Amino acid sequence: MKLIRFILLSLTVLFGGLYLLYVSYVYFNQQEMVFIHYKLDKNYSFDFDGDFTEINTPVEANTNIHGLLFKANAPKGLVFYLHGNAGALDTWGKIANQYTNLGYDFFIMDYRGFGKSDGAVENSKQVLNDASLVYEKISKGYENVIVIGYSIGTGPATFLASKYHPNQLILQAPYFNFLELTREKAPFFPDFLKKFDFATNQYIGKTKSQITIFHGVDDQMIAAANSEKLQQYLKKSDKLFLLEDQGHLGMNDNIKYQEELKKLIDNH
């Protein structure tokens with residue numbers, strides 16, 4: 001019996017120690033795991049077709065959020081875009097012409113630590129505050145605003161829509177609730193230690209804007225079931241499109257998405 005108790009105690013200590021190491025690793029690295037930042041030199045020169053301007057928005061002392069505003073001819077309004085958790089505006093800016101060609105000015109920002117933005121992402125509250133400050137600055141003067149979020153950007157995009165009520169909210173591959181999603185990605189890591197808790201399902205019910213959700217059926221990163229669960233919070237006029245043969249990446253190049261996007265924009 002003593003041997004059995006010794007073995008059980010040893011196993012408990014071993015697995016307890018391994019669990020503590022796991023929790024410690026995830027806790028101290030979660031910012032980099034969630035937001036895979038990619039820096040650009042402050043003197044980096046963007047090379048895009050069309051008319052665009054670099055805009056810096058101060059969010060704290062010595063901290064600016066950098067973004068690009070692409071101009072359309074005789075714009076009908078503004079598309080305010082929050083991109084995914086990897087890459088910076090040197091690559092994300094390539095999608096701008098899809099929106100300016102539809103007659104909308106297009107603004108896209110980099111999160112802290114991405115591209116030419118200062119600082120580093122620390123928690124969800126900070127991300128939401130930054131997005132709010134930038135939105136307030138950029139959206140001035142536009143009567144027609146469409147907010148679009150992709151992947152990690154869908155939570156902040158829905159938050160903005162619940163706070164400012166733009167004309168439309170478009171979500172590309174959203175998660176139902178980020179805490180719930182991370183339970184799948186980092187199992188057994190306690191929710192109270194997580195620094196990111198974008199509650200898309202809570203924000204979306206407070207959103208008066210027209211909402212359209214697009215999700216790839218073959219998405220292995222954020223399953224389409226997340227969007228299907230969000231349906232319960234949608235208004236009768238809101239829509240969900242499940243895109244066949246579409247994974248998590250490259251939705252802006254999806255022909256079906258482009259066709260439906262044109263219909264949404266033409267109707268406003």
# chains A, B, ... in the order shown; residues from 1 in each chain; ligands from 1
>>> residues_around(residues="Thr100 in chain A", least_positions_apart="3", cutoff="8 Å", atoms="only C-alpha atoms", output="list of chain:residue names")
A:Phe70, A:Lys71, A:Ala72, A:Asn73, A:Ala96, A:Asn97, A:Gly103, A:Tyr104, A:Asp105, A:Phe106
>>> write_last_selection(atoms="N, CA and C atoms", output="JSON list (two decimals), in the first residue's frame")
[["chain", "number", "residue", "atom", "x", "y", "z"],
["A", 70, "PHE", "N", -7.41, 54.37, -48.38],
["A", 70, "PHE", "CA", -7.43, 54.32, -49.84],
["A", 70, "PHE", "C", -8.67, 55.07, -50.33],
["A", 71, "LYS", "N", -8.48, 55.94, -51.31],
["A", 71, "LYS", "CA", -9.57, 56.80, -51.77],
["A", 71, "LYS", "C", -10.19, 56.27, -53.05],
["A", 72, "ALA", "N", -11.52, 56.31, -53.08],
["A", 72, "ALA", "CA", -12.27, 55.97, -54.28],
["A", 72, "ALA", "C", -12.69, 57.25, -55.00],
["A", 73, "ASN", "N", -13.03, 57.12, -56.26],
["A", 73, "ASN", "CA", -13.56, 58.27, -56.99],
["A", 73, "ASN", "C", -15.00, 58.49, -56.57],
["A", 96, "ALA", "N", -7.46, 46.36, -50.89],
["A", 96, "ALA", "CA", -8.17, 47.65, -50.91],
["A", 96, "ALA", "C", -8.94, 47.89, -52.19],
["A", 97, "ASN", "N", -8.32, 47.52, -53.34],
["A", 97, "ASN", "CA", -8.98, 47.86, -54.61],
["A", 97, "ASN", "C", -10.29, 47.12, -54.81],
["A", 103, "GLY", "N", -16.65, 51.71, -55.10],
["A", 103, "GLY", "CA", -17.04, 53.09, -54.83],
["A", 103, "GLY", "C", -16.94, 53.52, -53.38],
["A", 104, "TYR", "N", -16.14, 52.80, -52.59],
["A", 104, "TYR", "CA", -16.00, 53.15, -51.18],
["A", 104, "TYR", "C", -14.55, 53.48, -50.84],
["A", 105, "ASP", "N", -14.34, 54.52, -50.04],
["A", 105, "ASP", "CA", -13.04, 54.70, -49.42],
["A", 105, "ASP", "C", -12.79, 53.50, -48.52],
["A", 106, "PHE", "N", -11.54, 53.10, -48.40],
["A", 106, "PHE", "CA", -11.21, 51.89, -47.65],
["A", 106, "PHE", "C", -10.11, 52.21, -46.65]]
>>> closest_atom_pairs(of="range 28-67 of chain A", to="range 142-164 of chain A", cutoff="12 Å", atoms="only C-alpha atoms", output="tab-separated table")
residue	atom	partner	partner_atom	distance
A:Met33	CA	A:Ile152	CA	11.9
A:Val34	CA	A:Ile152	CA	8.3
A:Phe35	CA	A:Ile152	CA	8.4
A:Ile36	CA	A:Ile152	CA	10.9
>>> select_by_dssp(residues="range 34-140 of chain A", states="helix (DSSP H, G or I)", output="PyMOL selection string")
chain A and resi 34+89-100+124-138
>>> closest_residue(among="A:Leu128, A:Ile170, A:Met221, A:Val134", to="Leu264 in chain A", atoms="only C-alpha atoms")
A:Ile170
>>> closest_residue(among="A:Gly50, A:Gly77, A:Pro174, A:Gly205", to="Ala224 in chain A", atoms="only C-alpha atoms")
A:Pro174
>>> select_by_dssp(residues="range 93-133 of chain A", states="strand (DSSP E)", output="PyMOL selection string")
chain A and resi 104-109
>>> write_last_selection(atoms="C-alpha atoms", output="CSV table (one decimal), in the first residue's frame")
chain,number,residue,atom,x,y,z
A,104,TYR,CA,-16.0,53.2,-51.2
A,105,ASP,CA,-13.0,54.7,-49.4
A,106,PHE,CA,-11.2,51.9,-47.6
A,107,PHE,CA,-9.4,52.2,-44.3
A,108,ILE,CA,-7.4,49.4,-42.7
A,109,MET,CA,-5.3,49.6,-39.5
>>> closest_atom_pairs(of="range 165-227 of chain A", to="range 255-258 of chain A", cutoff="10 Å", atoms="only C-alpha atoms", output="CSV")
residue,atom,partner,partner_atom,distance
A:Gln172,CA,A:Tyr257,CA,9.5
A:Phe214,CA,A:Tyr257,CA,7.4
A:His215,CA,A:Tyr257,CA,9.5
>>> write_last_selection(atoms="N, CA and C atoms", output="mmCIF file, in the first residue's frame")
data_model
loop_
_atom_site.group_PDB
_atom_site.id
_atom_site.type_symbol
_atom_site.label_atom_id
_atom_site.label_comp_id
_atom_site.auth_asym_id
_atom_site.auth_seq_id
_atom_site.Cartn_x
_atom_site.Cartn_y
_atom_site.Cartn_z
ATOM 1 N N GLN A 172 -16.168 38.167 -41.518
ATOM 2 C CA GLN A 172 -15.543 37.119 -42.317
ATOM 3 C C GLN A 172 -14.892 36.113 -41.364
ATOM 4 N N PHE A 214 -19.986 35.818 -43.426
ATOM 5 C CA PHE A 214 -19.456 34.889 -44.415
ATOM 6 C C PHE A 214 -18.511 33.923 -43.707
ATOM 7 N N HIS A 215 -18.656 32.646 -44.016
ATOM 8 C CA HIS A 215 -17.775 31.658 -43.387
ATOM 9 C C HIS A 215 -17.499 30.524 -44.360
#
>>> closest_residue(among="A:Lys39, A:Lys229, A:His83, A:Lys116", to="Thr63 in chain A", atoms="only C-alpha atoms")
A:Lys116
>>> closest_residue(among="A:Lys94, A:Gln31, A:Ser124, A:Arg5", to="Asp49 in chain A", atoms="only C-alpha atoms")
A:Lys94
>>> residues_around(residues="Thr212 in chain A", least_positions_apart="3", cutoff="9 Å", atoms="only C-alpha atoms", output="ChimeraX atom specification")
/A:168-172,238-241,264
>>> atom_distance(atom1="CA of Leu102 in chain A", atom2="CA of Lys137 in chain A")
22.8 Å
>>> closest_residue(among="A:Ala131, A:Ile138, A:Ala88, A:Leu40", to="Thr53 in chain A", atoms="only C-alpha atoms")
A:Ile138
>>> residues_around(residues="Asp191 in chain A", least_positions_apart="2", cutoff="12 Å", atoms="only C-alpha atoms", output="ChimeraX atom specification")
/A:23,26-27,178-184,186-189,193-197
>>> residues_around(residues="Ser117 in chain A", least_positions_apart="2", cutoff="6 Å", atoms="only C-alpha atoms", output="VMD selection string")
chain A and resid 64 to 66 112 to 115
>>> atom_distance(atom1="CA of Lys42 in chain A", atom2="CA of Asn123 in chain A")
24.1 Å
>>> closest_residue(among="A:Leu133, A:Asn29, A:Phe176, A:Asp110", to="Ala86 in chain A", atoms="only C-alpha atoms")
A:Asp110
>>> atom_distance(atom1="CA of Leu78 in chain A", atom2="CA of Gln98 in chain A")
13.0 Å
